[in-house]
file protein02.txt (compact mmCIF, C-alpha atoms)
# COMPACT_ATOMS: atom_id res chain seq x y z
CA MET X 1 -117.17 2.13 -13.62
CA LYS X 2 -116.78 5.88 -13.19
CA ILE X 3 -114.95 7.86 -10.53
CA ILE X 4 -116.14 11.37 -9.68
CA VAL X 5 -113.75 13.61 -7.76
CA PRO X 6 -115.05 16.96 -6.45
CA MET X 7 -112.01 19.16 -5.79
CA ALA X 8 -113.21 22.72 -6.32
CA GLY X 9 -112.20 24.06 -2.90
CA ARG X 10 -108.97 26.03 -2.48
CA GLY X 11 -107.91 24.36 0.79
CA SER X 12 -107.75 27.25 3.25
CA ARG X 13 -106.53 25.04 6.13
CA LEU X 14 -103.36 24.22 4.21
CA ARG X 15 -102.29 27.78 3.48
CA PRO X 16 -99.83 29.13 2.45
CA HIS X 17 -99.22 26.06 0.28
CA SER X 18 -102.71 26.03 -1.22
CA LEU X 19 -102.56 29.71 -2.21
CA THR X 20 -100.71 28.88 -5.44
CA VAL X 21 -101.34 25.13 -5.86
CA PRO X 22 -104.74 23.44 -5.42
CA LYS X 23 -104.56 21.33 -2.27
CA PRO X 24 -105.31 18.03 -4.05
CA LEU X 25 -102.21 18.57 -6.20
CA ILE X 26 -99.83 19.07 -3.28
CA PRO X 27 -97.51 16.03 -3.30
CA VAL X 28 -97.44 13.48 -0.52
CA ALA X 29 -94.65 10.88 -0.71
CA GLY X 30 -93.78 12.14 -4.16
CA GLN X 31 -97.23 12.17 -5.81
CA PRO X 32 -100.12 14.65 -5.67
CA ILE X 33 -102.79 13.74 -3.13
CA VAL X 34 -105.50 13.27 -5.77
CA HIS X 35 -103.23 11.05 -7.89
CA ARG X 36 -102.61 8.69 -4.98
CA LEU X 37 -106.28 8.69 -3.98
CA VAL X 38 -107.61 7.83 -7.43
CA LYS X 39 -104.97 5.13 -7.98
CA ASP X 40 -105.75 3.54 -4.61
CA ILE X 41 -109.50 3.55 -5.33
CA ALA X 42 -108.92 1.95 -8.71
CA LYS X 43 -106.83 -0.74 -7.01
CA VAL X 44 -109.57 -1.44 -4.44
CA LEU X 45 -112.33 -1.64 -7.06
CA LYS X 46 -110.50 -4.35 -9.03
CA GLN X 47 -112.42 -3.52 -12.20
CA PRO X 48 -111.84 -1.32 -15.25
CA ILE X 49 -112.39 2.42 -14.87
CA ASP X 50 -114.07 3.88 -17.96
CA GLU X 51 -114.14 7.55 -17.03
CA ILE X 52 -112.86 9.82 -14.29
CA ALA X 53 -114.60 13.16 -13.78
CA PHE X 54 -112.95 15.99 -11.88
CA VAL X 55 -115.11 18.83 -10.57
CA LEU X 56 -112.95 21.94 -10.44
CA GLY X 57 -113.48 25.51 -9.32
CA ASP X 58 -112.37 28.84 -10.78
CA PRO X 59 -110.40 28.31 -14.04
CA ALA X 60 -108.06 31.10 -12.93
CA PHE X 61 -106.88 28.81 -10.10
CA PHE X 62 -107.66 25.38 -11.55
CA GLY X 63 -106.12 26.20 -14.91
CA ASP X 64 -104.62 24.39 -17.88
CA GLU X 65 -101.75 22.82 -15.91
CA VAL X 66 -104.22 21.31 -13.44
CA VAL X 67 -106.40 19.96 -16.26
CA GLU X 68 -103.32 18.50 -17.98
CA SER X 69 -102.18 16.79 -14.78
CA LEU X 70 -105.60 15.26 -14.15
CA THR X 71 -105.97 14.15 -17.76
CA GLU X 72 -102.63 12.33 -17.53
CA LEU X 73 -103.79 10.68 -14.29
CA ALA X 74 -107.00 9.37 -15.87
CA GLU X 75 -105.37 8.23 -19.09
CA GLY X 76 -102.66 6.46 -17.08
CA LEU X 77 -105.44 4.31 -15.63
CA GLY X 78 -106.90 3.62 -19.06
CA ALA X 79 -109.84 5.98 -18.49
CA LYS X 80 -111.28 9.03 -20.18
CA ALA X 81 -110.84 12.31 -18.27
CA SER X 82 -113.81 14.67 -17.98
CA ILE X 83 -113.60 18.15 -16.49
CA TYR X 84 -116.58 19.92 -14.92
CA ARG X 85 -116.72 23.27 -13.14
CA GLN X 86 -118.48 24.17 -9.90
CA ASP X 87 -119.20 27.85 -10.39
CA GLN X 88 -120.05 28.54 -6.74
CA PRO X 89 -118.83 26.91 -3.50
CA LEU X 90 -122.25 25.59 -2.50
CA GLY X 91 -121.37 22.27 -0.91
CA THR X 92 -120.78 18.61 -1.67
CA GLY X 93 -124.17 17.93 -3.22
CA HIS X 94 -123.85 20.96 -5.48
CA ALA X 95 -120.35 19.85 -6.54
CA ILE X 96 -121.63 16.42 -7.55
CA MET X 97 -124.51 17.91 -9.52
CA SER X 98 -122.00 20.07 -11.39
CA ALA X 99 -121.10 16.78 -13.15
CA LYS X 100 -124.78 16.04 -13.82
CA PRO X 101 -124.33 14.78 -17.42
CA LEU X 102 -122.06 11.99 -16.11
CA LEU X 103 -124.33 10.79 -13.32
CA SER X 104 -125.52 7.41 -14.50
CA GLY X 105 -124.44 3.82 -13.98
CA PRO X 106 -121.99 2.53 -11.34
CA ALA X 107 -119.75 5.22 -9.86
CA VAL X 108 -117.48 6.07 -6.97
CA ILE X 109 -117.53 9.59 -5.52
CA ALA X 110 -114.40 10.57 -3.60
CA TYR X 111 -113.36 13.86 -2.03
CA ALA X 112 -109.76 14.67 -2.79
CA ASP X 113 -108.34 15.59 0.61
CA THR X 114 -107.86 12.13 2.03
CA LEU X 115 -105.83 8.98 1.34
CA ILE X 116 -106.71 5.37 2.10
CA ARG X 117 -105.27 1.89 2.39
CA ALA X 118 -107.92 -0.78 1.89
CA GLU X 119 -108.60 -4.24 0.51
CA PHE X 120 -112.15 -5.53 0.14
CA ASP X 121 -114.84 -6.54 -2.36
CA LEU X 122 -117.95 -4.44 -3.00
CA ASP X 123 -121.11 -6.01 -1.56
CA PRO X 124 -123.20 -7.07 -4.60
CA THR X 125 -126.44 -6.77 -2.58
CA ALA X 126 -125.88 -3.08 -1.86
CA ASP X 127 -127.29 -0.13 -3.77
CA SER X 128 -124.49 1.91 -2.24
CA VAL X 129 -121.36 1.45 -0.17
CA ILE X 130 -120.07 4.14 2.18
CA TRP X 131 -116.42 3.82 3.12
CA THR X 132 -115.83 4.09 6.87
CA LYS X 133 -113.02 3.83 9.40
CA ARG X 134 -113.30 2.80 13.03
CA VAL X 135 -112.27 5.72 15.25
CA GLU X 136 -111.68 6.15 18.97
CA ASN X 137 -113.60 9.44 19.22
CA PRO X 138 -116.71 9.09 17.05
CA GLU X 139 -118.26 12.19 18.61
CA ALA X 140 -115.85 14.23 16.46
CA TYR X 141 -117.04 12.74 13.15
CA GLY X 142 -120.02 11.94 11.03
CA VAL X 143 -120.80 8.26 11.68
CA VAL X 144 -123.09 5.56 10.32
CA LYS X 145 -125.83 3.82 12.29
CA LEU X 146 -126.28 0.14 11.44
CA ASP X 147 -129.21 -2.25 11.81
CA GLU X 148 -129.12 -5.95 12.72
CA ASN X 149 -128.20 -6.82 9.10
CA GLU X 150 -125.17 -4.49 9.14
CA SER X 151 -126.94 -2.15 6.73
CA ILE X 152 -126.63 1.60 7.17
CA VAL X 153 -129.91 3.11 8.26
CA GLU X 154 -128.83 6.58 9.33
CA LEU X 155 -126.02 9.13 9.04
CA VAL X 156 -125.37 11.01 12.27
CA GLU X 157 -123.12 14.07 12.41
CA LYS X 158 -120.94 14.34 15.55
CA PRO X 159 -123.24 12.32 17.84
CA GLU X 160 -123.42 13.42 21.47
CA THR X 161 -124.32 9.87 22.53
CA PHE X 162 -122.76 6.73 21.09
CA VAL X 163 -124.21 5.61 17.75
CA SER X 164 -121.25 3.71 16.28
CA ASP X 165 -117.51 4.05 15.96
CA GLN X 166 -117.51 3.91 12.14
CA ALA X 167 -116.71 7.36 10.74
CA VAL X 168 -117.62 8.39 7.20
CA ILE X 169 -114.43 9.26 5.30
CA GLY X 170 -115.89 10.86 2.17
CA ILE X 171 -115.75 8.02 -0.38
CA TYR X 172 -118.97 6.47 -1.72
CA TYR X 173 -119.97 3.79 -4.25
CA PHE X 174 -123.34 3.82 -6.03
CA LYS X 175 -124.57 0.89 -8.10
CA ASP X 176 -126.48 3.47 -10.18
CA VAL X 177 -125.49 7.04 -9.38
CA ALA X 178 -128.53 8.27 -11.34
CA VAL X 179 -130.59 7.50 -8.22
CA LEU X 180 -128.43 9.89 -6.19
CA LYS X 181 -128.74 12.46 -8.99
CA GLU X 182 -132.53 12.29 -8.77
CA LYS X 183 -132.49 12.83 -5.01
CA LEU X 184 -129.94 15.64 -5.16
CA GLN X 185 -132.04 17.35 -7.82
CA GLU X 186 -134.93 17.27 -5.34
CA VAL X 187 -132.64 18.82 -2.73
CA LEU X 188 -131.69 21.61 -5.12
CA ASP X 189 -135.25 22.19 -6.31
CA GLU X 190 -136.54 22.38 -2.73
CA ASN X 191 -133.57 24.52 -1.67
CA VAL X 192 -132.69 22.18 1.22
CA MET X 193 -129.47 23.56 2.69
CA ASN X 194 -127.36 22.76 5.73
CA GLY X 195 -124.79 25.31 6.80
CA GLY X 196 -125.66 27.35 3.71
CA GLU X 197 -124.72 24.47 1.39
CA TYR X 198 -126.29 21.57 -0.48
CA GLN X 199 -124.96 18.35 1.04
CA ILE X 200 -124.56 14.85 -0.40
CA ASN X 201 -125.99 13.47 2.86
CA ASP X 202 -129.40 14.96 2.12
CA GLY X 203 -129.53 13.01 -1.13
CA ILE X 204 -128.34 9.83 0.61
CA LYS X 205 -130.96 10.16 3.35
CA ARG X 206 -133.69 10.34 0.72
CA MET X 207 -132.33 7.18 -0.89
CA MET X 208 -132.44 5.45 2.50
CA ALA X 209 -136.02 6.61 3.02
CA ASP X 210 -136.90 4.87 -0.26
CA GLY X 211 -135.50 1.60 1.08
CA ARG X 212 -132.20 1.56 -0.81
CA ILE X 213 -129.61 -0.75 0.78
CA PHE X 214 -126.45 0.90 2.07
CA LYS X 215 -123.46 -1.10 3.32
CA THR X 216 -120.09 -0.14 4.76
CA GLY X 217 -116.69 -0.66 3.22
CA SER X 218 -114.07 -0.43 5.95
CA VAL X 219 -110.59 0.89 5.20
CA ASP X 220 -107.45 -0.16 7.04
CA GLU X 221 -106.01 3.35 7.01
CA TRP X 222 -107.62 6.74 6.58
CA MET X 223 -105.12 9.56 6.22
CA ASP X 224 -106.18 13.18 6.15
CA CYS X 225 -104.41 16.02 4.36
CA GLY X 226 -106.42 18.84 5.87
CA ASN X 227 -103.68 20.93 7.45
CA LYS X 228 -99.91 21.01 7.80
CA ALA X 229 -99.65 18.74 10.86
CA VAL X 230 -101.84 15.93 9.54
CA THR X 231 -100.35 16.20 6.04
CA LEU X 232 -96.89 15.61 7.48
CA GLU X 233 -98.26 12.67 9.48
CA THR X 234 -99.87 11.28 6.32
CA ASN X 235 -96.62 11.74 4.40
CA ALA X 236 -94.77 9.70 7.03
CA LYS X 237 -97.38 6.92 7.02
CA MET X 238 -97.46 6.72 3.25
CA LEU X 239 -93.67 6.55 3.03
CA GLY X 240 -93.74 3.66 5.47
CA PHE X 241 -96.35 1.80 3.41
CA LEU X 242 -94.48 2.39 0.15
CA ALA X 243 -91.18 1.27 1.62
CA ALA X 244 -92.81 -1.93 2.86
CA ASP X 245 -94.62 -2.58 -0.44
CA LYS X 246 -91.47 -1.99 -2.52
CA GLU X 247 -93.69 -1.17 -5.52
CA GLU X 248 -92.30 2.33 -6.11
CA GLN X 249 -88.75 3.61 -6.39
CA LEU X 250 -88.56 6.23 -3.66
CA VAL X 251 -85.09 7.67 -4.31
CA HIS X 252 -84.45 8.54 -7.94
CA ASP X 253 -81.28 7.25 -9.57
CA SER X 254 -80.21 10.80 -10.48
CA VAL X 255 -80.09 12.02 -6.85
CA VAL X 256 -76.59 13.30 -6.00
CA LEU X 257 -75.18 12.56 -2.53
CA GLU X 258 -72.10 14.55 -1.50
CA ASN X 259 -71.01 13.67 2.02
CA SER X 260 -74.67 13.07 2.85
CA ASN X 261 -76.87 10.25 4.09
CA ILE X 262 -80.51 9.19 3.75
CA ILE X 263 -82.37 7.63 6.67
CA GLU X 264 -85.29 5.67 5.23
CA PRO X 265 -88.12 5.91 4.51
CA CYS X 266 -87.76 8.95 2.24
CA PHE X 267 -88.87 10.06 -1.19
CA ILE X 268 -86.33 12.12 -3.15
CA GLY X 269 -87.12 13.27 -6.66
CA SER X 270 -84.99 13.45 -9.78
CA GLY X 271 -82.13 15.93 -10.04
CA THR X 272 -81.99 16.72 -6.34
CA VAL X 273 -78.57 17.33 -4.78
CA LEU X 274 -77.71 16.74 -1.11
CA ARG X 275 -74.44 18.21 0.22
CA ASN X 276 -73.22 17.72 3.78
CA THR X 277 -76.75 16.88 4.70
CA SER X 278 -78.71 14.25 6.61
CA VAL X 279 -82.22 13.53 5.33
CA GLY X 280 -84.83 11.37 7.06
CA PRO X 281 -86.66 9.62 8.31
CA ASN X 282 -90.09 10.47 6.88
CA VAL X 283 -89.00 13.13 4.41
CA SER X 284 -90.34 13.81 0.92
CA ILE X 285 -88.27 16.06 -1.36
CA GLY X 286 -89.34 16.95 -4.89
CA LYS X 287 -87.26 17.25 -8.02
CA ASP X 288 -84.34 19.59 -8.73
CA CYS X 289 -83.81 20.70 -5.14
CA VAL X 290 -80.48 21.57 -3.51
CA ILE X 291 -80.03 21.01 0.22
CA GLU X 292 -76.70 21.94 1.81
CA ASP X 293 -75.25 21.79 5.31
CA SER X 294 -78.59 20.78 6.77
CA SER X 295 -80.54 18.20 8.69
CA VAL X 296 -84.08 17.41 7.54
CA LYS X 297 -86.53 14.96 9.12
CA ASN X 298 -90.31 14.47 9.26
CA SER X 299 -90.75 17.08 6.54
CA LEU X 300 -92.18 17.71 3.09
CA ILE X 301 -90.31 19.83 0.54
CA GLN X 302 -91.64 20.42 -2.96
CA ASN X 303 -89.78 21.16 -6.22
CA GLN X 304 -86.87 23.40 -7.25
CA THR X 305 -86.18 24.61 -3.74
CA THR X 306 -82.82 25.51 -2.19
CA ILE X 307 -82.18 25.02 1.52
CA LYS X 308 -78.96 25.86 3.36
CA ASN X 309 -77.80 25.79 6.99
CA ALA X 310 -81.11 24.41 8.22
CA ASN X 311 -82.18 22.08 10.99
CA LEU X 312 -85.69 21.13 9.93
CA ASP X 313 -88.20 18.95 11.74
CA GLU X 314 -91.94 18.90 10.95
CA ALA X 315 -91.40 21.45 8.19
CA MET X 316 -93.45 21.94 5.04
CA ILE X 317 -91.85 23.97 2.25
CA GLY X 318 -93.27 24.79 -1.18
CA ASN X 319 -91.88 25.14 -4.69
CA HIS X 320 -89.11 27.52 -5.81
CA VAL X 321 -88.22 28.49 -2.23
CA LYS X 322 -84.85 29.83 -1.10
CA TYR X 323 -84.29 29.25 2.61
CA ASN X 324 -81.21 29.92 4.73
CA GLY X 325 -81.77 29.92 8.43
CA GLY X 326 -82.14 28.21 11.74
CA PHE X 327 -85.89 27.82 12.21
CA THR X 328 -87.36 24.32 12.57
CA LYS X 329 -91.15 23.84 12.46
CA ILE X 330 -91.73 26.09 9.48
CA SER X 331 -94.40 26.27 6.79
CA ILE X 332 -93.30 28.25 3.73
CA GLY X 333 -95.31 28.65 0.55
CA ASP X 334 -94.16 28.82 -3.07
CA TYR X 335 -91.60 31.39 -4.27
CA SER X 336 -90.65 32.52 -0.74
CA VAL X 337 -87.11 33.75 -0.05
CA LEU X 338 -85.66 33.69 3.49
CA GLU X 339 -81.93 34.40 3.49
call {"tool": "encode", "arguments": {"input": "protein02.txt", "output": "structure tokens"}}
result
Amino acid sequence: MKIIVPMAGRGSRLRPHSLTVPKPLIPVAGQPIVHRLVKDIAKVLKQPIDEIAFVLGDPAFFGDEVVESLTELAEGLGAKASIYRQDQPLGTGHAIMSAKPLLSGPAVIAYADTLIRAEFDLDPTADSVIWTKRVENPEAYGVVKLDENESIVELVEKPETFVSDQAVIGIYYFKDVAVLKEKLQEVLDENVMNGGEYQINDGIKRMMADGRIFKTGSVDEWMDCGNKAVTLETNAKMLGFLAADKEEQLVHDSVVLENSNIIEPCFIGSGTVLRNTSVGPNVSIGKDCVIEDSSVKNSLIQNQTTIKNANLDEAMIGNHVKYNGGFTKISIGDYSVLE
């Protein structure tokens, strides 16, 4: 089994944090988004992963540190890491075809700005499985239309009238991804574009027209990381799941508490010092931070950051930040200084 992860975009909706760090590498509950996504997919698949391909953008932004991080992720799952580059931001279909040499055999394609919680077996009768989540407002999403056999027969983007309440979340399984490659090559050759981009859906629709069987794989939780507000919400949900699972140590043994308390669930990385501070609930703090004379809740703070005299709620703060002040719902990128 292969996993293909297009992640070439810079993540403009999560600025300023994605100006210096690719959005999929921003940590949620102590691990980068893409790390959690790939690990969760591997867990759902319940079968060995041979190779994981990451489709990256400009090497000046997705540089050696990014490649090293992704290589460690793949190797930690017993898989080979392959790196491909999308030289132009021309859509999901174009991103997948940037990994063209890898497109054969069974594969999962997953876009790296979402997290899932799921437990199911792949339908052996299906040529493809599209992961979906039931939503209350399907008119805001791309949804699947099903026939009497619960097979997907159509993809409908933001339907004005009810089609179904199963929204497509951006994770797909193909029994043989070479079939998708063939159809996406047709899309590229015929210059079929939607919104100025080549889309995976146009390849999928051609597979459906050929009679390929598509089934749904429903997830229990679908958590977005598109902007600050939903990333903080996802961080809180993930902390709750991890605390309940008790599979990960959330507060590192080296954390120093000086007249401070932690209200769970929280993630606190190694070497972090809390002085006269209350942290939690729903807070993630990276490694080697110092937080003094502060209250922090429902927030996400990255690495090597110093915070003093703060009352933070729904805050998102980057790496190497120095912050001293009385604001609350802030969003501060890497290397900022507010004193």
call {"tool": "residues_around", "arguments": {"input": "protein02.txt", "residues": "Phe162 in chain X", "least_positions_apart": "4", "cutoff": "10 Å", "atoms": "all atoms listed in the file", "output": "list in words"}}
result
Asn137, Pro138, Glu139, Val143, Lys145 and Lys158 of chain X
call {"tool": "closest_residue", "arguments": {"input": "protein02.txt", "among": "X:Ile268, X:Ser278, X:Thr305, X:Ala140", "to": "Glu248 in chain X", "atoms": "all atoms listed in the file"}}
result
X:Ile268
call {"tool": "closest_residue", "arguments": {"input": "protein02.txt", "among": "X:Asn201, X:Thr125, X:Ser299, X:Thr71", "to": "Pro27 in chain X", "atoms": "only C-alpha atoms"}}
result
X:Ser299
call {"tool": "closest_residue", "arguments": {"input": "protein02.txt", "among": "X:Val179, X:Leu242, X:Ile171, X:Ile332", "to": "Val28 in chain X", "atoms": "all atoms listed in the file"}}
result
X:Leu242
call {"tool": "closest_residue", "arguments": {"input": "protein02.txt", "among": "X:Asn276, X:Asn311, X:Thr216, X:Ser164", "to": "Ala126 in chain X", "atoms": "only C-alpha atoms"}}
result
X:Thr216
call {"tool": "closest_residue", "arguments": {"input": "protein02.txt", "among": "X:Gly91, X:Ser260, X:Pro265, X:Lys215", "to": "Asp245 in chain X", "atoms": "only C-alpha atoms"}}
result
X:Pro265
call {"tool": "atom_distance", "arguments": {"input": "protein02.txt", "atom1": "CA of Val290 in chain X", "atom2": "CA of Thr231 in chain X"}}
result
22.7 Å
call {"tool": "build_atoms", "arguments": {"input": "protein02.txt", "residues": "range 228-250 of chain X", "atoms": "N, CA and C atoms", "output": "PDB file, in the coordinates of the input"}}
result
ATOM      1  N   LYS X 228    -101.329  21.345   7.851  1.00  0.00           N
ATOM      2  CA  LYS X 228     -99.910  21.010   7.800  1.00  0.00           C
ATOM      3  C   LYS X 228     -99.575  19.809   8.678  1.00  0.00           C
ATOM      4  N   ALA X 229    -100.034  19.797   9.920  1.00  0.00           N
ATOM      5  CA  ALA X 229     -99.650  18.740  10.860  1.00  0.00           C
ATOM      6  C   ALA X 229    -100.095  17.369  10.379  1.00  0.00           C
ATOM      7  N   VAL X 230    -101.354  17.249   9.961  1.00  0.00           N
ATOM      8  CA  VAL X 230    -101.840  15.930   9.540  1.00  0.00           C
ATOM      9  C   VAL X 230    -101.286  15.545   8.178  1.00  0.00           C
ATOM     10  N   THR X 231    -100.970  16.524   7.326  1.00  0.00           N
ATOM     11  CA  THR X 231    -100.350  16.200   6.040  1.00  0.00           C
ATOM     12  C   THR X 231     -98.966  15.610   6.244  1.00  0.00           C
ATOM     13  N   LEU X 232     -98.204  16.169   7.174  1.00  0.00           N
ATOM     14  CA  LEU X 232     -96.890  15.610   7.480  1.00  0.00           C
ATOM     15  C   LEU X 232     -97.022  14.201   8.076  1.00  0.00           C
ATOM     16  N   GLU X 233     -98.023  14.004   8.917  1.00  0.00           N
ATOM     17  CA  GLU X 233     -98.260  12.670   9.480  1.00  0.00           C
ATOM     18  C   GLU X 233     -98.643  11.687   8.375  1.00  0.00           C
ATOM     19  N   THR X 234     -99.481  12.125   7.446  1.00  0.00           N
ATOM     20  CA  THR X 234     -99.870  11.280   6.320  1.00  0.00           C
ATOM     21  C   THR X 234     -98.676  10.959   5.435  1.00  0.00           C
ATOM     22  N   ASN X 235     -97.832  11.958   5.196  1.00  0.00           N
ATOM     23  CA  ASN X 235     -96.620  11.740   4.400  1.00  0.00           C
ATOM     24  C   ASN X 235     -95.754  10.654   5.026  1.00  0.00           C
ATOM     25  N   ALA X 236     -95.588  10.701   6.340  1.00  0.00           N
ATOM     26  CA  ALA X 236     -94.770   9.700   7.030  1.00  0.00           C
ATOM     27  C   ALA X 236     -95.391   8.308   6.916  1.00  0.00           C
ATOM     28  N   LYS X 237     -96.706   8.216   7.124  1.00  0.00           N
ATOM     29  CA  LYS X 237     -97.380   6.920   7.020  1.00  0.00           C
ATOM     30  C   LYS X 237     -97.264   6.344   5.617  1.00  0.00           C
ATOM     31  N   MET X 238     -97.495   7.193   4.624  1.00  0.00           N
ATOM     32  CA  MET X 238     -97.460   6.720   3.250  1.00  0.00           C
ATOM     33  C   MET X 238     -96.056   6.261   2.858  1.00  0.00           C
ATOM     34  N   LEU X 239     -95.040   6.978   3.301  1.00  0.00           N
ATOM     35  CA  LEU X 239     -93.670   6.550   3.030  1.00  0.00           C
ATOM     36  C   LEU X 239     -93.402   5.175   3.633  1.00  0.00           C
ATOM     37  N   GLY X 240     -93.907   4.960   4.836  1.00  0.00           N
ATOM     38  CA  GLY X 240     -93.740   3.660   5.470  1.00  0.00           C
ATOM     39  C   GLY X 240     -94.411   2.546   4.685  1.00  0.00           C
ATOM     40  N   PHE X 241     -95.638   2.799   4.203  1.00  0.00           N
ATOM     41  CA  PHE X 241     -96.350   1.800   3.410  1.00  0.00           C
ATOM     42  C   PHE X 241     -95.604   1.510   2.103  1.00  0.00           C
ATOM     43  N   LEU X 242     -95.156   2.564   1.434  1.00  0.00           N
ATOM     44  CA  LEU X 242     -94.480   2.390   0.150  1.00  0.00           C
ATOM     45  C   LEU X 242     -93.159   1.654   0.303  1.00  0.00           C
ATOM     46  N   ALA X 243     -92.445   1.965   1.379  1.00  0.00           N
ATOM     47  CA  ALA X 243     -91.180   1.270   1.620  1.00  0.00           C
ATOM     48  C   ALA X 243     -91.423  -0.211   1.870  1.00  0.00           C
ATOM     49  N   ALA X 244     -92.499  -0.529   2.585  1.00  0.00           N
ATOM     50  CA  ALA X 244     -92.810  -1.930   2.860  1.00  0.00           C
ATOM     51  C   ALA X 244     -93.294  -2.657   1.608  1.00  0.00           C
ATOM     52  N   ASP X 245     -94.091  -1.959   0.772  1.00  0.00           N
ATOM     53  CA  ASP X 245     -94.620  -2.580  -0.440  1.00  0.00           C
ATOM     54  C   ASP X 245     -93.547  -2.817  -1.500  1.00  0.00           C
ATOM     55  N   LYS X 246     -92.565  -1.925  -1.534  1.00  0.00           N
ATOM     56  CA  LYS X 246     -91.470  -1.990  -2.520  1.00  0.00           C
ATOM     57  C   LYS X 246     -91.999  -1.985  -3.948  1.00  0.00           C
ATOM     58  N   GLU X 247     -93.118  -1.265  -4.173  1.00  0.00           N
ATOM     59  CA  GLU X 247     -93.690  -1.170  -5.520  1.00  0.00           C
ATOM     60  C   GLU X 247     -93.263   0.090  -6.242  1.00  0.00           C
ATOM     61  N   GLU X 248     -92.743   1.077  -5.518  1.00  0.00           N
ATOM     62  CA  GLU X 248     -92.300   2.330  -6.110  1.00  0.00           C
ATOM     63  C   GLU X 248     -90.852   2.594  -5.748  1.00  0.00           C
ATOM     64  N   GLN X 249     -90.110   3.166  -6.691  1.00  0.00           N
ATOM     65  CA  GLN X 249     -88.750   3.610  -6.390  1.00  0.00           C
ATOM     66  C   GLN X 249     -88.856   4.958  -5.689  1.00  0.00           C
ATOM     67  N   LEU X 250     -88.385   5.025  -4.468  1.00  0.00           N
ATOM     68  CA  LEU X 250     -88.560   6.230  -3.660  1.00  0.00           C
ATOM     69  C   LEU X 250     -87.429   7.227  -3.812  1.00  0.00           C
TER      70      LEU X 250
END
